[in-house]
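Before any comments, here is the structure.
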Amino acid sequence: MNLKPVSDAFEIVLREIQATLEDIKDEAAAAMRSGDFQRARHLLGCAERVEAFRDEVHDFQKRWPRLFSEDATPVGRARRKRRRRRVGIPGKAFRRPILEALVELGGRASIQDVLHLVEQKLKDKLTKDDYEPLPSLPDTPRWRHKAQVCRAALVKRGLVLPSSEMGIWEISEAGRRWLEEHREES
């Protein structure tokens with residue numbers, strides 16, 4: 001079976017996504033230089049989403065040849081059962097620690113700094129499963145991915161600001177109010 005045409009197609013798609021990402025970054029830089037910070041913030045959000053999409057396509061590219069291996073997981077009942085099983089602490093358990101970490105770090109900080117502090121705050125709750133890598137992201141422990149998904153949900157709820165800088169998380173005033181209002185729940 002010839003897998004090369006699909007593998008080549010993945011390479012083409014990934015190159016085009018990367019070129020689009022570079023264009024977005026260039027436009028964001030130009031917007032910053034011209035003082036159009038709202039446009040720059042929007043473009044940086046787009047860049048983050050495109051990067052995440054690129055990573056998903058890359059994961060699909062890696063999975064493609066594995067579909068044909070002898071030990072491939074069969075699709076069907078066994079796979080569905082595994083997908084339903086919840087492993088580790090729930091994603092919503094990251095809400096308070098993320099917001100608290102941002103406040104403790106001065107309101108905005110790098111992803112690495114925030115996640116380091118979140119890990120410290122949850123060290124007694126994180127399980128062995130939380131430290132296992134995700135099948136789709138073999139270099140990412142499950143808990144880090146859950147924290148990043150939680151952060152995206154916090155952005156949608158207005159508790160964390162959309163990124164104005166790549167790799168920087170920032171709490172909003174609404175996020176500070178939420179922490180104050182839910183202080184008793186810790």
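Just so we're on the same page: first chain in the structure tokens is A, next is B, and so on; residues restart at 1 for each chain, and ligands are numbered from 1 in the order they show up.
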- Which residues come within 9 Å of region 24-31 of chain A, counting only C-alpha atoms, excluding same-chain residues fewer than 6 positions away, as a ChimeraX atom specification? /A:37-44,46-47
- Using only C-alpha atoms, determine which residues lie at most 10 Å from Leu115 (chain A), disregarding the query and same-chain residues fewer than 4 positions distant; provide the list as JSON, numbers by chain. {"A": [94, 97, 98, 101, 102, 109, 110, 111, 119, 120, 121, 143, 144, 147, 148]}
- Query: Mind checking DSSP for chain A and telling me the strand (DSSP E) residues as a ChimeraX atom specification?
  - Reply: /A:108-110,160-161,168-171
- Item | For Pro133 (chain A): contacts at 12 Å, only C-alpha atoms, fewer than 2 positions along chain excluded, given as a PyMOL selection string | chain A and resi 87-88+128-131+135-146
- Quick one: pick out all helix (DSSP H, G or I) residues within region 39-166 of chain A from a backbone DSSP run and write them as a PyMOL selection string. chain A and resi 39-66+77-84+91-104+111-121+129-131+142-156
- Message: When you look at Val160 (chain A) with a cut-off of 8 Å (counting only C-alpha atoms), what residues show up, excluding the ones that are within fewer than 3 positions of it in the same chain? I need them as a PyMOL selection string.
- Response: chain A and resi 99+151+154-155+157+169-172+174-175
- Selection: 12 Å around Leu3 (chain A), only C-alpha atoms, excl. self and same-chain fewer than 6 positions, as a ChimeraX atom specification: /A:9-10,61,63-69
- Polymer residues at most 8 Å from region 48-57 of chain A, only C-alpha atoms, same-chain spacing of 6 or more positions, as a PyMOL selection string: chain A and resi 10+14+17-18+21+166
Selected residues, C-alpha atoms, written as a PDB file, in the first residue's frame, please.
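The new file out.pdb reads:
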ATOM      1  CA  PHE A  10       0.302  16.507   4.930  1.00  0.00           C
ATOM      2  CA  LEU A  14       1.777  21.966   7.025  1.00  0.00           C
ATOM      3  CA  ILE A  17      -0.229  26.595   7.455  1.00  0.00           C
ATOM      4  CA  GLN A  18       3.272  27.685   8.527  1.00  0.00           C
ATOM      5  CA  LEU A  21       1.207  31.719  10.450  1.00  0.00           C
ATOM      6  CA  MET A 166       2.554  34.826  22.557  1.00  0.00           C
TER       7      MET A 166
END
- Minimum-distance residue to Gly107 (chain A), chosen among A:Ile168, A:Ala153, A:Leu122, A:Ile89 (using only C-alpha atoms):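 The closest residue to Gly107 (chain A) is A:Ile168.
You will find CA of Leu117 (chain A) at 11.9 Å from CA of Arg96 (chain A).
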- Item | d(CA of Pro162 (chain A), CA of Glu181 (chain A)) in Å |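 These two atoms are separated by 22.0 Å.
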- Message: Let me make sure I understand: among A:Cys150, A:Asp59, A:Ser163, A:Thr20, which one has the smallest atom-to-atom distance to Leu134 (chain A) if we use only C-alpha atoms?
- Response: A:Asp59
